[in-house]
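Colleague: To start, I am sharing the structure in question, which I have written as structure tokens.
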2 protein chains.
Amino acid sequence: MPGEGNLYQTLIEAALARLEATGSMPATLAELAELAEVPLEDVSGIFGSLQNLREGLIYQGIALLNDSLRQGVVHSGSVKPDAQLRSLARSYAIWASLNPALFRVIVDGLNRPMAEGSTLYRFTMSMRDLFERKLREMRDLGLIRHEADLAPILLVILCVVKGANVLLLNRKTEPWLSDDPRPVVQIADEMFGYLIDNLLVTGTAQAA
Amino acid sequence: MPGEGNLYQTLIEAALARLEATGSMPATLAELAELAEVPLEDVSGIFGSLQNLREGLIYQGIALLNDSLRQGVVHSGSVKPDAQLRSLARSYAIWASLNPALFRVIVDGLNRPMAEGSTLYRFTMSMRDLFERKLREMRDLGLIRHEADLAPILLVILCVVKGANVLLLNRKTEPWLSDDPRPVVQIADEMFGYLIDNLLVTGTAQAA
């Protein structure tokens with residue numbers, strides 16, 4: 001159906017503009033129709049429900065975030081897996097801080113039950129695969145000791161990513177950080193850098 | 001006013017029973033009045049609003065959690081700060097898994113802006129003080145190298161605690177853990193143990 005793709009994009013962009021301006025999605029499809037200057041029946045034909053609109057925004061958000069992560073790793077210009085992980089973390093924090101409203105929609109979704117096969121489920125699993133692959137590369141290079149079990153390291157990373165999500169959203173109101181004047185990207189960078197240096201890389205210095 | 005303290009406790013316990021049975025607080029003060037078999041005007045006189053009831057539950061929850069953390073550290077029977085931190089983490093995870101509904105109310109509160117001086121603000125800051133004190137003790141004992149800056153370690157711990165909160169709530173639906181059959185307490189224990197062993201304790205093996 002020619003034109004429907006464009007209409008979909010128009011509606012996503014209108015919802016996104018609204019989200020960025022106010023921090024909230026349109027409250028009804030009628031509101032979205034008004035914002036986008038599109039007849040309500042066309043909006044309903046494409047999204048059907050606010051939940052579908054939310055999923056459309058998440059899909060868009062994950063596409064932008066993934067693109068930013070890829071660019072970050074490419075721009076790092078390094079083939080070293082630990083340097084790539086640092087670039088990944090930095091790109092993630094920068095994207096989150098530049099897109100707070102969309103990031104909040106994504107994190108809200110990540111912190112709820114995810115349907116298998118959904119955009120967020122697939123994103124989560126692809127992140128795990130990526131981390132696991134980089135940890136294996138680090139082990140192959142001797143940056144992590146040879147006999148190390150990667151499972152608990154992956155668990156720590158999972159927990160840190162989940163915690164960083166909350167921190168990136170609530171940096172301004174987090175009591176622990178009330179006396180830290182730095183931007184959240186810098187805080188996340190120091191934190192993740194410390195983690196890689198001490199949790200992973202120096203693991204090689206430890207006896208078996 | 002004699003008797004008011006008892007009535008307060010009666011209402012908190014009724015709200016807590018409701019929360020544990022259904023996962024939700026009473027939706028109105030009238031519902032709480034009915035559950036507790038207390039006149040609505042008495043309920044309104046004590047709480048005034050659902051928000052005040054929520055704060056009462058949080059206060060109760062933090063009191064129970066703190067008590068459980070203290071007992072955990074005492075029962076560990078150790079004066080070693082790293083062993084005490086492990087016991088603390090274990091008690092925290094056990095309490096969270098035994099009190100999922102109350103823990104959810106606490107974590108929801110921790111992930112929103114906290115008023116300075118509120119129960120959650122004070123809890124958060126007292127946890128930071130405790131972690132900082134234990135890290136200093138570990139540094140004094142040589143478990144963390146002498147010249148180490150504790151600030152980034154505290155940041156990692158903050159992030160891990162925030163991530164563990166989400167994990168403890170959503171263990172069943174977290175895609176990364178879908179092929180891990182272990183109870184969340186065991187997963188948290190392995191994760192935190194790994195963190196202490198590799199992030200903190202082996203820091204001593206690293207060159208300055």
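Starting from 1 in every chain, residues are counted up; chains themselves are A, B, ... following the order of the structure tokens, and ligands are numbered from 1 as listed.
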Quick check for you: according to DSSP on this backbone, which residues of chain B are classed as alpha helix (DSSP H)? Reply as number ranges by chain.

Modeller: B: 4-22, 29-36, 40-47, 50-76, 81-98, 100-110, 119-140, 150-170, 184-195

Colleague: Listing only residues of chain A within 9 Å of chain B, what is the closest atom pair and its distance in Å (to one decimal) for each, using only C-alpha atoms, sorted by chain and residue number ascending, as a Markdown table?

Modeller:
| residue | atom | partner | partner_atom | distance |
| --- | --- | --- | --- | --- |
| A:Leu110 | CA | B:Glu174 | CA | 8.5 |
| A:Asn111 | CA | B:Val166 | CA | 6.9 |
| A:Arg112 | CA | B:Asn170 | CA | 7.2 |
| A:Pro113 | CA | B:Thr173 | CA | 5.1 |
| A:Met114 | CA | B:Thr173 | CA | 6.7 |
| A:Ala115 | CA | B:Thr173 | CA | 8.8 |
| A:Glu116 | CA | B:Pro175 | CA | 8.1 |
| A:Tyr121 | CA | B:Pro175 | CA | 6.6 |
| A:Arg122 | CA | B:Pro175 | CA | 8.9 |
| A:Thr124 | CA | B:Pro175 | CA | 7.0 |
| A:Met125 | CA | B:Trp176 | CA | 6.6 |
| A:Arg128 | CA | B:Trp176 | CA | 6.9 |
| A:Pro152 | CA | B:Met191 | CA | 5.7 |
| A:Ile153 | CA | B:Tyr194 | CA | 7.6 |
| A:Leu154 | CA | B:Met191 | CA | 9.0 |
| A:Leu155 | CA | B:Met191 | CA | 6.0 |
| A:Val156 | CA | B:Met191 | CA | 5.8 |
| A:Ile157 | CA | B:Val160 | CA | 8.8 |
| A:Leu158 | CA | B:Gly163 | CA | 7.7 |
| A:Cys159 | CA | B:Gly163 | CA | 4.4 |
| A:Val160 | CA | B:Val160 | CA | 5.0 |
| A:Val161 | CA | B:Gly163 | CA | 7.0 |
| A:Lys162 | CA | B:Gly163 | CA | 4.4 |
| A:Gly163 | CA | B:Gly163 | CA | 3.6 |
| A:Ala164 | CA | B:Cys159 | CA | 5.7 |
| A:Asn165 | CA | B:Gly163 | CA | 8.2 |
| A:Val166 | CA | B:Asn111 | CA | 6.9 |
| A:Leu167 | CA | B:Cys159 | CA | 7.2 |
| A:Leu169 | CA | B:Asn111 | CA | 8.9 |
| A:Asn170 | CA | B:Asn111 | CA | 7.2 |
| A:Lys172 | CA | B:Pro113 | CA | 8.3 |
| A:Thr173 | CA | B:Pro113 | CA | 5.1 |
| A:Glu174 | CA | B:Pro113 | CA | 7.2 |
| A:Pro175 | CA | B:Tyr121 | CA | 6.6 |
| A:Trp176 | CA | B:Met125 | CA | 6.6 |
| A:Leu177 | CA | B:Leu155 | CA | 8.9 |
| A:Ile187 | CA | B:Leu155 | CA | 8.1 |
| A:Ala188 | CA | B:Leu155 | CA | 8.6 |
| A:Glu190 | CA | B:Pro152 | CA | 6.7 |
| A:Met191 | CA | B:Pro152 | CA | 5.7 |
| A:Phe192 | CA | B:Val156 | CA | 7.8 |
| A:Tyr194 | CA | B:Pro152 | CA | 6.6 |
| A:Leu195 | CA | B:Val156 | CA | 7.2 |
| A:Asn198 | CA | B:Leu199 | CA | 5.5 |
| A:Leu199 | CA | B:Leu199 | CA | 4.8 |
| A:Leu200 | CA | B:Asn198 | CA | 8.1 |
| A:Thr202 | CA | B:Gln206 | CA | 6.9 |
| A:Gly203 | CA | B:Asn198 | CA | 6.8 |
| A:Ala205 | CA | B:Ala205 | CA | 6.9 |
| A:Gln206 | CA | B:Thr202 | CA | 6.9 |

Colleague: Write out as a PyMOL selection string which residues come within 12 Å of region 62-75 of chain A when counting only C-alpha atoms, dropping same-chain ones fewer than 6 positions away.

Modeller: chain A and resi 55-56+81-100+102-107+109-110+118-124+126-127+130

Colleague: Which of these residues is nearest to Ala101 (chain B), using only C-alpha atoms: B:Val38, B:Leu150, B:Leu168, B:Ala33?

Modeller: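 Looking only at the distances to Ala101 (chain B), the closest residue turns out to be B:Leu168.
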
Colleague: Quick one, how far is CA of Asn6 (chain B) from CA of Ala27 (chain B)?

Modeller: 22.4 Å
